[in-house]
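Data block for data_28.txt (compact mmCIF, C-alpha atoms and all ligand atoms):
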```txt
# COMPACT_ATOMS: atom_id res chain seq x y z
CA MET Z 8 141.78 -77.97 -6.56
CA GLU Z 9 143.47 -77.56 -9.88
CA CYS Z 10 146.10 -80.25 -10.30
CA LEU Z 11 149.47 -79.79 -11.95
CA SER Z 12 148.45 -81.42 -15.21
CA GLN Z 13 145.30 -79.26 -15.49
CA THR Z 14 147.45 -76.16 -15.16
CA ALA Z 15 149.77 -77.38 -17.86
CA GLU Z 16 146.76 -78.06 -20.07
CA LYS Z 17 145.57 -74.48 -19.61
CA ASP Z 18 149.05 -73.34 -20.55
CA TYR Z 19 149.03 -75.27 -23.72
CA ASN Z 20 145.46 -74.72 -24.78
CA ARG Z 21 146.31 -71.04 -24.85
CA TRP Z 22 149.75 -71.49 -26.29
CA SER Z 23 148.83 -73.91 -29.02
CA GLY Z 24 149.05 -72.16 -32.34
CA PHE Z 25 150.53 -69.05 -30.75
CA LEU Z 26 153.93 -69.79 -32.19
CA ASN Z 27 154.34 -70.48 -35.84
CA ILE Z 28 157.26 -72.83 -36.20
CA ARG Z 29 159.17 -70.80 -38.75
CA PHE Z 30 161.79 -73.41 -39.25
CA TRP Z 31 162.34 -76.64 -37.44
CA LYS Z 32 166.00 -77.14 -36.96
CA GLY Z 33 166.21 -78.77 -33.59
CA ASP Z 34 169.97 -78.51 -33.65
CA GLU Z 35 170.61 -75.39 -31.62
CA MET Z 36 169.88 -76.61 -28.15
CA GLU Z 37 171.55 -74.76 -25.30
CA TYR Z 38 172.79 -76.51 -22.16
CA ARG Z 39 173.35 -75.45 -18.57
CA GLU Z 40 174.85 -76.95 -15.45
CA LEU Z 41 172.15 -78.15 -13.06
CA GLY Z 42 173.51 -76.62 -9.88
CA ARG Z 43 176.34 -78.65 -8.36
CA THR Z 44 175.01 -82.01 -9.60
CA GLY Z 45 177.49 -82.21 -12.46
CA LEU Z 46 174.57 -82.79 -14.85
CA LYS Z 47 174.47 -80.65 -17.98
CA VAL Z 48 170.86 -80.25 -19.03
CA SER Z 49 169.10 -78.80 -22.06
CA VAL Z 50 167.40 -75.45 -21.34
CA ILE Z 51 164.15 -76.95 -22.61
CA ALA Z 52 163.06 -80.15 -20.88
CA MET Z 53 160.00 -82.35 -21.34
CA GLY Z 54 157.18 -82.50 -18.83
CA CYS Z 55 155.24 -85.76 -18.85
CA GLU Z 56 151.76 -84.44 -19.69
CA GLY Z 57 152.07 -85.76 -23.25
CA PHE Z 58 152.77 -89.31 -22.05
CA VAL Z 59 149.92 -89.15 -19.56
CA GLU Z 60 147.45 -87.84 -22.12
CA ASP Z 61 148.29 -90.48 -24.68
CA ASN Z 62 150.82 -93.23 -23.91
CA SER Z 63 151.37 -93.84 -27.61
CA ASN Z 64 153.09 -90.42 -27.77
CA ALA Z 65 156.08 -91.61 -25.79
CA LYS Z 66 158.27 -92.88 -28.63
CA ALA Z 67 157.57 -89.86 -30.86
CA PHE Z 68 158.35 -87.50 -27.96
CA MET Z 69 161.63 -89.27 -27.25
CA ASP Z 70 162.54 -89.24 -30.95
CA ILE Z 71 161.97 -85.48 -31.23
CA ALA Z 72 163.78 -84.89 -27.95
CA GLU Z 73 166.79 -86.96 -28.99
CA GLU Z 74 166.91 -85.31 -32.42
CA SER Z 75 166.78 -81.80 -30.95
CA GLY Z 76 169.12 -82.35 -28.02
CA VAL Z 77 166.51 -82.30 -25.22
CA ASN Z 78 168.16 -84.52 -22.62
CA TYR Z 79 166.06 -84.04 -19.46
CA PHE Z 80 162.49 -84.92 -18.62
CA ASP Z 81 160.17 -84.83 -15.66
CA MET Z 82 157.99 -87.78 -14.57
CA PHE Z 83 155.72 -86.48 -11.82
CA THR Z 84 153.14 -89.02 -12.84
CA SER Z 85 152.87 -92.45 -11.27
CA ASP Z 86 150.55 -93.63 -14.05
CA PRO Z 87 151.73 -97.21 -14.68
CA ALA Z 88 150.80 -97.09 -18.36
CA ALA Z 89 152.74 -93.86 -18.89
CA ARG Z 90 155.77 -95.23 -17.03
CA SER Z 91 155.72 -98.44 -19.10
CA ALA Z 92 155.35 -96.54 -22.38
CA VAL Z 93 158.28 -94.28 -21.49
CA GLY Z 94 160.34 -97.33 -20.46
CA GLU Z 95 159.73 -98.90 -23.88
CA ALA Z 96 160.55 -95.62 -25.64
CA LEU Z 97 163.81 -95.33 -23.68
CA LYS Z 98 165.06 -98.77 -24.71
CA GLY Z 99 168.54 -98.55 -26.19
CA ARG Z 100 168.94 -94.85 -25.37
CA ARG Z 101 168.70 -94.54 -21.60
CA ASN Z 102 172.08 -92.80 -21.57
CA LYS Z 103 170.75 -90.03 -23.83
CA PHE Z 104 168.31 -88.80 -21.18
CA MET Z 105 168.26 -87.70 -17.55
CA ILE Z 106 165.10 -88.57 -15.64
CA GLN Z 107 163.59 -86.41 -12.90
CA SER Z 108 161.15 -88.87 -11.34
CA HIS Z 109 159.00 -88.02 -8.35
CA ILE Z 110 159.22 -89.81 -5.02
CA CYS Z 111 155.88 -89.78 -3.09
CA SER Z 112 153.79 -89.83 -6.26
CA VAL Z 113 151.70 -93.03 -6.20
CA TRP Z 114 148.89 -94.56 -8.21
CA LYS Z 115 145.60 -95.25 -6.42
CA ASP Z 116 142.14 -96.01 -7.76
CA GLY Z 117 143.16 -95.11 -11.29
CA GLN Z 118 144.73 -91.76 -10.52
CA TYR Z 119 147.93 -90.15 -9.36
CA VAL Z 120 148.02 -89.24 -5.64
CA ARG Z 121 150.62 -87.53 -3.44
CA THR Z 122 151.54 -89.57 -0.37
CA ARG Z 123 153.79 -89.25 2.66
CA ASP Z 124 153.42 -92.91 3.59
CA LEU Z 125 156.84 -94.56 3.50
CA GLU Z 126 155.73 -98.02 2.39
CA GLU Z 127 153.58 -96.60 -0.42
CA THR Z 128 156.51 -94.40 -1.44
CA LYS Z 129 158.92 -97.35 -1.55
CA ALA Z 130 156.55 -99.48 -3.60
CA ALA Z 131 155.95 -96.65 -6.09
CA PHE Z 132 159.71 -96.07 -6.48
CA GLU Z 133 160.36 -99.76 -7.21
CA ASP Z 134 157.51 -99.64 -9.72
CA SER Z 135 159.06 -96.63 -11.44
CA LEU Z 136 162.44 -98.35 -11.90
CA GLU Z 137 160.84 -101.51 -13.21
CA ARG Z 138 158.50 -99.80 -15.64
CA LEU Z 139 161.06 -97.27 -16.85
CA GLN Z 140 163.44 -100.25 -17.39
CA THR Z 141 166.31 -98.61 -15.61
CA ASP Z 142 168.29 -99.22 -12.45
CA TYR Z 143 168.70 -95.56 -11.51
CA ILE Z 144 166.92 -92.21 -11.53
CA ASP Z 145 169.00 -89.10 -12.10
CA VAL Z 146 166.97 -86.81 -9.81
CA GLY Z 147 164.64 -88.32 -7.20
CA MET Z 148 162.24 -85.43 -6.68
CA ILE Z 149 160.26 -85.38 -3.42
CA HIS Z 150 156.89 -84.44 -4.75
CA TYR Z 151 154.91 -81.24 -4.23
CA CYS Z 152 155.61 -79.82 -0.78
CA ASP Z 153 154.08 -76.38 -0.16
CA ALA Z 154 153.41 -76.44 3.60
CA GLU Z 155 155.94 -76.33 6.42
CA SER Z 156 153.98 -78.98 8.31
CA ASP Z 157 154.19 -81.20 5.22
CA TRP Z 158 157.98 -80.76 5.09
CA GLU Z 159 158.11 -81.82 8.75
CA ALA Z 160 155.94 -84.85 7.91
CA ILE Z 161 158.29 -85.78 5.07
CA LYS Z 162 161.15 -85.90 7.56
CA ALA Z 163 159.20 -87.50 10.40
CA ASN Z 164 157.86 -90.26 8.13
CA GLY Z 165 161.32 -91.30 7.00
CA ILE Z 166 161.05 -90.03 3.41
CA ILE Z 167 164.28 -88.01 3.59
CA ASP Z 168 166.14 -90.94 5.17
CA TYR Z 169 164.80 -93.16 2.39
CA ALA Z 170 165.95 -90.68 -0.28
CA ARG Z 171 169.42 -90.54 1.33
CA LYS Z 172 169.60 -94.35 1.31
CA LEU Z 173 168.58 -94.49 -2.36
CA LYS Z 174 171.30 -91.99 -3.12
CA GLU Z 175 173.92 -93.98 -1.19
CA GLU Z 176 172.93 -97.06 -3.18
CA GLY Z 177 173.20 -95.14 -6.46
CA ARG Z 178 169.56 -95.79 -7.28
CA ILE Z 179 168.91 -92.09 -7.35
CA ARG Z 180 171.83 -89.85 -8.21
CA HIS Z 181 170.52 -86.62 -6.66
CA ILE Z 182 167.77 -85.58 -4.26
CA GLY Z 183 165.23 -82.98 -5.39
CA LEU Z 184 162.10 -81.26 -4.11
CA SER Z 185 159.15 -79.78 -6.01
CA SER Z 186 157.34 -76.81 -4.50
CA HIS Z 187 155.48 -73.57 -5.24
CA ASN Z 188 156.19 -71.97 -1.87
CA PRO Z 189 159.50 -70.09 -1.41
CA LYS Z 190 159.27 -70.29 2.39
CA VAL Z 191 159.21 -74.09 2.41
CA ALA Z 192 161.78 -74.36 -0.36
CA ILE Z 193 164.20 -72.08 1.54
CA LYS Z 194 163.77 -74.12 4.71
CA ALA Z 195 164.36 -77.40 2.89
CA ILE Z 196 167.40 -76.11 1.00
CA GLU Z 197 168.98 -74.63 4.10
CA GLU Z 198 168.75 -78.06 5.76
CA GLY Z 199 171.17 -79.36 3.14
CA ASP Z 200 169.83 -82.48 1.36
CA ILE Z 201 168.13 -80.84 -1.60
CA GLU Z 202 170.30 -80.57 -4.73
CA VAL Z 203 167.60 -79.76 -7.30
CA LEU Z 204 164.46 -77.69 -6.86
CA MET Z 205 161.49 -77.89 -9.21
CA PHE Z 206 159.78 -74.53 -8.77
CA SER Z 207 157.01 -72.48 -10.40
CA VAL Z 208 158.75 -69.52 -12.06
CA ASN Z 209 156.99 -66.71 -13.91
CA TYR Z 210 156.81 -62.96 -13.33
CA VAL Z 211 153.31 -63.06 -11.79
CA TYR Z 212 154.10 -65.61 -9.10
CA ASP Z 213 157.42 -63.84 -8.58
CA MET Z 214 155.57 -60.74 -7.38
CA LEU Z 215 153.30 -62.65 -4.99
CA PRO Z 216 154.14 -63.71 -1.45
CA GLY Z 217 154.51 -67.43 -0.85
CA THR Z 218 151.46 -69.42 0.17
CA GLU Z 219 150.77 -72.91 1.47
CA ASP Z 220 147.79 -73.21 -0.88
CA VAL Z 221 148.87 -73.12 -4.50
CA ASN Z 222 145.33 -72.12 -5.52
CA ASP Z 223 146.02 -68.67 -4.04
CA LEU Z 224 148.43 -68.05 -6.90
CA TRP Z 225 145.68 -68.10 -9.49
CA ALA Z 226 142.80 -66.71 -7.44
CA ASP Z 227 141.07 -63.81 -9.25
CA SER Z 228 141.38 -61.59 -6.17
CA VAL Z 229 145.17 -61.76 -6.44
CA TYR Z 230 145.01 -60.12 -9.84
CA GLU Z 231 142.83 -57.19 -8.85
CA GLY Z 232 145.47 -54.71 -7.68
CA GLY Z 233 148.71 -53.52 -9.25
CA PHE Z 234 152.04 -55.22 -8.69
CA GLU Z 235 155.32 -53.82 -7.57
CA ASN Z 236 158.66 -55.59 -7.73
CA MET Z 237 159.76 -59.11 -6.86
CA ASP Z 238 158.58 -60.76 -3.69
CA PRO Z 239 161.73 -60.56 -1.50
CA GLU Z 240 161.35 -64.16 -0.34
CA ARG Z 241 161.32 -65.47 -3.92
CA GLN Z 242 164.33 -63.33 -4.77
CA ARG Z 243 166.04 -64.77 -1.71
CA LEU Z 244 165.17 -68.32 -2.79
CA TYR Z 245 166.74 -67.85 -6.23
CA GLU Z 246 169.83 -66.28 -4.73
CA LEU Z 247 170.10 -68.98 -2.08
CA CYS Z 248 169.89 -71.68 -4.76
CA GLU Z 249 172.58 -70.00 -6.82
CA SER Z 250 174.82 -69.52 -3.86
CA LYS Z 251 174.40 -73.11 -2.58
CA GLY Z 252 174.62 -74.70 -6.05
CA VAL Z 253 171.03 -75.97 -6.05
CA GLY Z 254 169.80 -76.19 -9.65
CA ILE Z 255 166.25 -75.07 -10.44
CA THR Z 256 164.04 -76.85 -12.97
CA VAL Z 257 161.03 -74.72 -13.86
CA MET Z 258 157.34 -75.57 -13.97
CA LYS Z 259 154.42 -73.23 -14.80
CA ALA Z 260 156.52 -70.81 -16.84
CA PHE Z 261 153.28 -69.43 -18.36
CA ALA Z 262 151.32 -69.16 -15.07
CA GLY Z 263 148.64 -71.49 -16.35
CA GLY Z 264 148.56 -69.54 -19.64
CA ASP Z 265 147.28 -66.31 -18.09
CA ILE Z 266 150.36 -64.29 -18.93
CA LEU Z 267 150.10 -65.23 -22.61
CA ASP Z 268 146.68 -63.60 -22.81
CA GLU Z 269 146.22 -59.84 -22.69
CA LYS Z 270 142.74 -60.15 -21.15
CA LEU Z 271 143.80 -62.57 -18.43
CA SER Z 272 147.26 -61.22 -17.72
CA PRO Z 273 147.45 -59.31 -14.41
CA ALA Z 274 149.86 -56.92 -16.14
CA GLY Z 275 147.19 -55.96 -18.66
CA ALA Z 276 149.47 -57.06 -21.51
CA ALA Z 277 150.60 -60.41 -22.87
CA LEU Z 278 154.03 -61.96 -23.17
CA THR Z 279 155.01 -64.48 -25.84
CA PRO Z 280 156.08 -68.02 -24.86
CA ALA Z 281 159.68 -67.17 -25.82
CA GLN Z 282 159.61 -64.16 -23.47
CA CYS Z 283 158.19 -66.29 -20.63
CA ILE Z 284 160.86 -68.96 -21.11
CA SER Z 285 163.55 -66.31 -21.36
CA TYR Z 286 162.34 -64.69 -18.13
CA ALA Z 287 162.44 -68.03 -16.28
CA LEU Z 288 165.91 -68.81 -17.64
CA SER Z 289 167.25 -65.46 -16.48
CA ARG Z 290 166.43 -66.09 -12.80
CA PRO Z 291 169.51 -67.10 -10.79
CA ALA Z 292 170.11 -70.90 -10.55
CA VAL Z 293 167.55 -71.82 -13.22
CA ALA Z 294 168.89 -74.51 -15.56
CA THR Z 295 165.88 -75.71 -17.54
CA VAL Z 296 162.21 -75.04 -18.25
CA CYS Z 297 159.95 -78.11 -18.37
CA SER Z 298 157.53 -77.98 -21.26
CA GLY Z 299 154.09 -79.42 -20.51
CA ALA Z 300 153.59 -80.31 -24.19
CA ARG Z 301 150.66 -82.61 -24.86
CA ASN Z 302 151.59 -83.53 -28.42
CA VAL Z 303 154.59 -83.54 -30.70
CA GLU Z 304 153.75 -80.19 -32.30
CA GLN Z 305 153.61 -78.51 -28.92
CA LEU Z 306 156.93 -80.07 -27.98
CA LYS Z 307 158.44 -78.66 -31.18
CA GLU Z 308 156.97 -75.27 -30.31
CA SER Z 309 158.75 -75.38 -26.96
CA ILE Z 310 162.04 -76.38 -28.52
CA ASP Z 311 161.63 -73.59 -31.07
CA TYR Z 312 162.62 -71.23 -28.24
CA CYS Z 313 166.18 -72.15 -29.12
CA ASN Z 314 165.68 -70.65 -32.58
CA ALA Z 315 164.21 -67.39 -31.25
CA SER Z 316 166.26 -64.24 -31.85
CA PRO Z 317 167.47 -62.08 -28.93
CA GLU Z 318 164.73 -59.59 -29.81
CA GLU Z 319 162.07 -62.30 -29.62
CA ARG Z 320 163.36 -63.45 -26.24
CA ASP Z 321 163.63 -59.96 -24.79
CA TYR Z 322 161.00 -59.45 -22.09
CA ALA Z 323 162.45 -56.26 -20.58
CA GLU Z 324 160.92 -53.80 -23.00
CA ALA Z 325 157.50 -55.42 -22.53
CA PHE Z 326 157.86 -55.38 -18.73
CA ALA Z 327 158.83 -51.72 -18.73
CA ASN Z 328 155.62 -50.86 -20.57
CA PHE Z 329 153.22 -53.05 -18.58
CA PRO Z 330 150.45 -50.75 -17.34
CA ARG Z 331 149.90 -52.37 -13.92
CA VAL Z 332 153.34 -53.63 -12.95
CA SER Z 333 156.42 -51.81 -11.71
CA TRP Z 334 159.96 -53.09 -11.28
CA SER Z 335 161.38 -49.65 -10.68
CA GLY Z 336 164.99 -49.73 -9.53
CA HIS Z 337 165.12 -53.54 -9.41
CA CYS Z 338 167.65 -55.40 -11.55
CA MET Z 339 165.95 -58.13 -13.57
CA TYR Z 340 169.28 -59.47 -14.97
CA CYS Z 341 167.81 -58.85 -18.41
CA THR Z 342 171.07 -57.54 -20.02
CA HIS Z 343 169.19 -54.72 -21.72
CA CYS Z 344 171.87 -52.28 -20.56
CA ASP Z 345 174.58 -53.96 -22.70
CA PRO Z 346 177.01 -53.16 -24.16
CA CYS Z 347 179.09 -51.52 -21.48
CA VAL Z 348 181.84 -49.27 -22.83
CA SER Z 349 184.28 -51.13 -20.55
CA SER Z 350 182.85 -54.53 -21.57
CA ILE Z 351 181.61 -55.22 -18.02
CA ASN Z 352 178.91 -57.88 -17.77
CA ILE Z 353 176.60 -55.60 -15.78
CA ALA Z 354 173.94 -58.24 -15.07
CA ASP Z 355 176.48 -60.72 -13.68
CA VAL Z 356 178.30 -58.12 -11.57
CA THR Z 357 174.94 -56.98 -10.16
CA LYS Z 358 173.90 -60.56 -9.52
CA PHE Z 359 177.09 -61.41 -7.62
CA LEU Z 360 176.76 -58.17 -5.64
CA ASN Z 361 173.17 -59.09 -4.71
CA LEU Z 362 174.21 -62.64 -3.82
CA VAL Z 363 176.84 -61.39 -1.38
CA ILE Z 364 174.37 -59.01 0.26
CA ALA Z 365 171.67 -61.71 0.40
CA HIS Z 366 174.10 -64.24 1.90
CA ASN Z 367 175.02 -61.83 4.69
CA GLU Z 368 171.44 -60.71 5.30
CA SER Z 369 170.26 -64.32 5.56
CA ASN Z 370 172.79 -64.72 8.38
CA GLY Z 371 171.63 -61.52 10.04
CA ILE Z 372 174.83 -59.68 9.11
CA LYS Z 373 174.67 -56.02 8.15
CA GLU Z 374 176.96 -54.39 5.62
CA GLY Z 375 179.67 -52.28 7.22
CA THR Z 376 179.99 -54.59 10.21
CA GLU Z 377 183.07 -56.71 10.92
CA ALA Z 378 181.22 -59.94 10.31
CA PHE Z 379 180.28 -58.99 6.74
CA ARG Z 380 182.14 -61.25 4.30
CA VAL Z 381 182.24 -62.29 0.64
CA PRO Z 382 181.58 -66.05 0.37
CA ASP Z 383 184.25 -68.02 -1.52
CA THR Z 384 181.83 -69.09 -4.29
CA GLU Z 385 180.83 -65.53 -5.17
CA ARG Z 386 184.43 -64.34 -4.84
CA GLU Z 387 185.53 -67.00 -7.34
CA HIS Z 388 182.64 -66.38 -9.76
CA TYR Z 389 183.41 -62.67 -9.68
CA ARG Z 390 187.14 -63.30 -10.24
CA LEU Z 391 186.33 -65.32 -13.37
CA LEU Z 392 184.54 -62.39 -15.02
CA GLU Z 393 186.60 -60.89 -17.83
CA HIS Z 394 185.95 -57.34 -16.64
CA HIS Z 395 185.18 -56.05 -13.18
CA ALA Z 396 183.24 -53.24 -11.58
CA GLY Z 397 186.44 -51.33 -10.92
CA GLU Z 398 186.73 -50.77 -14.69
CA CYS Z 399 183.50 -48.74 -14.75
CA VAL Z 400 184.20 -45.21 -16.03
CA GLN Z 401 180.84 -43.97 -14.71
CA CYS Z 402 179.74 -42.86 -18.17
CA GLY Z 403 176.07 -43.63 -17.46
CA LEU Z 404 175.32 -44.84 -21.00
CA CYS Z 405 174.02 -48.15 -19.62
CA GLU Z 406 171.52 -46.40 -17.34
CA ALA Z 407 169.87 -44.77 -20.34
CA ARG Z 408 169.23 -48.29 -21.70
CA CYS Z 409 167.92 -49.86 -18.48
CA PRO Z 410 164.12 -50.10 -18.68
CA PHE Z 411 163.82 -50.37 -14.90
CA GLY Z 412 165.72 -47.27 -13.77
CA VAL Z 413 168.44 -49.28 -11.98
CA GLU Z 414 171.26 -47.12 -10.61
CA ILE Z 415 173.96 -49.05 -12.38
CA ARG Z 416 176.80 -46.64 -11.67
CA ALA Z 417 176.08 -46.84 -7.95
CA ASN Z 418 175.93 -50.64 -8.19
CA MET Z 419 179.33 -50.74 -9.91
CA ARG Z 420 180.84 -48.55 -7.19
CA HIS Z 421 179.24 -50.78 -4.57
CA ALA Z 422 180.57 -53.96 -6.20
CA LYS Z 423 184.09 -52.50 -6.41
CA GLU Z 424 183.94 -51.66 -2.74
CA ILE Z 425 182.75 -55.14 -1.76
CA PHE Z 426 184.95 -57.23 -4.07
CA GLY Z 427 187.90 -54.85 -3.98
CA TYR Z 428 188.35 -54.36 -7.76
S1 LIG F 501 170.69 -53.03 -14.86
FE1 LIG F 501 168.70 -52.82 -15.90
S2 LIG F 501 169.06 -53.40 -18.01
FE2 LIG F 501 170.84 -54.06 -16.85
S3 LIG F 501 170.42 -56.20 -16.33
FE3 LIG F 501 169.65 -54.98 -14.63
S4 LIG F 501 167.52 -54.54 -15.12
FE4 LIG F 501 168.47 -55.26 -16.99
S1 LIG F 502 178.52 -46.52 -16.44
FE1 LIG F 502 180.02 -48.13 -16.06
S2 LIG F 502 178.85 -50.00 -16.32
FE2 LIG F 502 177.70 -48.39 -17.35
S3 LIG F 502 178.38 -48.42 -19.51
FE3 LIG F 502 179.58 -46.91 -18.40
S4 LIG F 502 181.41 -48.05 -17.79
FE4 LIG F 502 179.85 -49.58 -18.29
```
What would you get if you wrote out this structure as structure tokens?
Amino acid sequence: MECLSQTAEKDYNRWSGFLNIRFWKGDEMEYRELGRTGLKVSVIAMGCEGFVEDNSNAKAFMDIAEESGVNYFDMFTSDPAARSAVGEALKGRRNKFMIQSHICSVWKDGQYVRTRDLEETKAAFEDSLERLQTDYIDVGMIHYCDAESDWEAIKANGIIDYARKLKEEGRIRHIGLSSHNPKVAIKAIEEGDIEVLMFSVNYVYDMLPGTEDVNDLWADSVYEGGFENMDPERQRLYELCESKGVGITVMKAFAGGDILDEKLSPAGAALTPAQCISYALSRPAVATVCSGARNVEQLKESIDYCNASPEERDYAEAFANFPRVSWSGHCMYCTHCDPCVSSINIADVTKFLNLVIAHNESNGIKEGTEAFRVPDTEREHYRLLEHHAGECVQCGLCEARCPFGVEIRANMRHAKEIFGY
């Protein structure tokens, strides 16, 4: 089985050298709210592959991160040497960073292992605090759950109770879950404890149904046929997260590097790293993309996303011309249809419309029935927009610019009907 760090290595082996760092400014970082946590995180975060590969990288990574405004990093590893090196590098600047550290990741026989054993989990958590030289973790991420039976085991073995207790004590500030499977993630989120989801987000996985075996996502057979539109369960997951205020932190934004390579890409055409990051950041609820950089140059390449122009970030034109993929009629929230003559934010109106429909459908409620309702969150988000669907003059100019043939005028009429203005 390919482990998480091997996938990240594939990503970077293919990415390395792909981007020329035209100018290194490091001062244009963008920030987003991480769901309802109250944390404001940089859109580029650090993975921990670089610390695992070479512990001596830790200080240089933290220096670059601090200088460029990266304020969030993931520690899925339980490698004691990596934890200690990061702890040393964090000295005197703990408050500059938010740590997403994984619960249930333990160190055995010289390697990282996933466990569901409560005592092992507790010991590994204490070890993480001690080595990272901190008395709290910002997001305690329950590690790598892709099977429903595993989620049940997490609960039955007392892991969720333990996470709740840590949160009550202030030793973790928020509870998270990492997963590749939308079915399990939806179940966990609907049960209410999960505030942050670490999820694999890229357009290839987004078109595939969820699976309990992550290896299915990169099996050659999966790439043989054509692809059509988002997997409805993944779409539902993103919309559920947005509607419940669960922030998403992204892993595998390059699908193991395959989508950066024309020969390996299932679409038959390559995207650039900036397009991949931009795609991930345009999914509902996504706050940050974790970079699996293995050295300082690669970390700078990731951060260079913030210097990319709108044209360099734009993935819509490329998607529309992919030979083997179709998103016909499906809104990708890409904003390619802007500007609207009435200054309506078409992507946001469409997103809120979809969220309302998804919310009702997830409760088995059909549109046009008495039970159909607009949830307060979406009603308030919609109210805060400067312009509303009711201002649409039905000119159709936006539809000519939409690469995916979305019926925008119909969506605006629909939104007006649902929200009332
Ligand atoms: S309507 Fe089309 S162009 Fe506009 S955000 Fe949706 S997919 Fe993009
Ligand atoms: S059809 Fe409506 S949403 Fe599209 S540009 Fe015209 S006014 Fe804006």
If you take every atom of ligand LIG 501 (chain F) that the file lists and fit an axis-aligned box around them with 3 Å extra on each side, what centre and edge lengths come out in Å to one decimal, as lines of an AutoDock Vina configuration file?
```
center_x = 169.2
center_y = -54.5
center_z = -16.3
size_x = 9.3
size_y = 9.4
size_z = 9.4
```
6 Å shell around ligand LIG 501 (chain F) using only C-alpha atoms and all ligand atoms, listed as a list in words:
Cys338, Met339, Tyr340, Cys341, Thr342, His343, Cys344, Ala354, Cys409, Pro410, Phe411, Val413 and Ile415 of chain Z
Which residues form the shell of 12 Å around ligand LIG 502 (chain F) when you count all atoms listed in the file, given as a ChimeraX atom specification?
/Z:342-357,394-409,413-423
Applying 7 Å and all atoms listed in the file, which residues near segment 118-121 of chain Z remain after dropping the ones on its own chain fewer than 5 positions away? List them as a list in words.
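So, after excluding close chain neighbours, the residues are Thr84, Ser85, Asp86, Cys111, Ser112 and Val113 of chain Z.
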Which of these, Z:Gly54, Z:Ser185, Z:Val48, Z:Glu60, has the shortest distance to Asp145 of chain Z once you count only C-alpha atoms?
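For Asp145 of chain Z, the nearest of the given residues is Z:Val48.
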Could you state the separation of atom CA of Lys115 of chain Z and atom CA of Gly177 of chain Z in Å, given to one decimal place?
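So the two atoms, atom CA of Lys115 of chain Z and atom CA of Gly177 of chain Z, lie 27.6 Å apart.
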Atom CA of Pro216 of chain Z and atom CA of Glu155 of chain Z are how many Å apart?
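Pair atom CA of Pro216 of chain Z / atom CA of Glu155 of chain Z returns 15.0 Å.
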Using only C-alpha atoms, find all polymer residues with an atom at most 10 Å away from the point (151.2, -81.8, -27.8); report them as a list in words.
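Checked against the point, the hits come out as Glu16, Tyr19, Asn20, Ser23, Glu56, Gly57, Phe58, Glu60, Asp61, Asn64, Phe68, Ser298, Gly299, Ala300, Arg301, Asn302, Val303, Glu304, Gln305, Leu306, Lys307, Glu308 and Ser309 of chain Z.
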With C-alpha atoms kept, could you save the residues just selected as a compact mmCIF listing (two decimals), keeping the file's coordinate frame?
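Below is the file that was written, part-v1.txt:
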```txt
# COMPACT_ATOMS: atom_id res chain seq x y z
CA GLU Z 16 146.76 -78.06 -20.07
CA TYR Z 19 149.03 -75.27 -23.72
CA ASN Z 20 145.46 -74.72 -24.78
CA SER Z 23 148.83 -73.91 -29.02
CA GLU Z 56 151.76 -84.44 -19.69
CA GLY Z 57 152.07 -85.76 -23.25
CA PHE Z 58 152.77 -89.31 -22.05
CA GLU Z 60 147.45 -87.84 -22.12
CA ASP Z 61 148.29 -90.48 -24.68
CA ASN Z 64 153.09 -90.42 -27.77
CA PHE Z 68 158.35 -87.50 -27.96
CA SER Z 298 157.53 -77.98 -21.26
CA GLY Z 299 154.09 -79.42 -20.51
CA ALA Z 300 153.59 -80.31 -24.19
CA ARG Z 301 150.66 -82.61 -24.86
CA ASN Z 302 151.59 -83.53 -28.42
CA VAL Z 303 154.59 -83.54 -30.70
CA GLU Z 304 153.75 -80.19 -32.30
CA GLN Z 305 153.61 -78.51 -28.92
CA LEU Z 306 156.93 -80.07 -27.98
CA LYS Z 307 158.44 -78.66 -31.18
CA GLU Z 308 156.97 -75.27 -30.31
CA SER Z 309 158.75 -75.38 -26.96
```
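Excluding segment 361-378 of chain Z itself and same-chain residues fewer than 5 positions from it, the residues having an atom within 9 Å of it are Arg243, Glu246, Leu247, Glu249, Ser250, Val356, Glu385, Arg386 and Ile425 of chain Z, counting all atoms listed in the file.
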Using all atoms listed in the file, which of the listed residues (Z:Asn314, Z:Ser285, Z:Ser135, Z:Asn236) sits closest to Ala89 of chain Z?
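Closest candidate: Z:Ser135.
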Please list as a ChimeraX atom specification every residue within 12 Å of segment 188-190 of chain Z, counting all atoms listed in the file and excluding residues in the same chain fewer than 6 positions away.
/Z:151-158,196-197,204-208,212-224,238-248
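When only C-alpha atoms are used to measure the gap to Glu127 of chain Z, the shortest distance among Z:Ile166, Z:Val203, Z:Ala292, Z:Met148 belongs to Z:Ile166.
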Quick one: everything within 7 Å of Asn78 of chain Z, counting only C-alpha atoms, minus sequence neighbours fewer than 2 positions away in the same chain. Send it as a count of residues only.
10
Measuring atom to atom with all atoms listed in the file, identify which of Z:Tyr312, Z:Glu137, Z:Met69, Z:Lys251 is nearest to Gly99 of chain Z.
Z:Met69
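With atom CA of Ala277 of chain Z on one side and atom CA of Asn328 of chain Z on the other, the separation reads 11.0 Å.
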Which residue gives the smallest distance to His337 of chain Z among Z:Ile149, Z:Phe426, Z:Leu392, Z:Glu235, with all atoms listed in the file counted?
Z:Glu235
Using all atoms listed in the file for the distances, tell me which of Z:Ala130, Z:Gln140, Z:Val257, Z:Ser333 is nearest to Pro291 of chain Z.
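Smallest distance to Pro291 of chain Z is found for Z:Val257.
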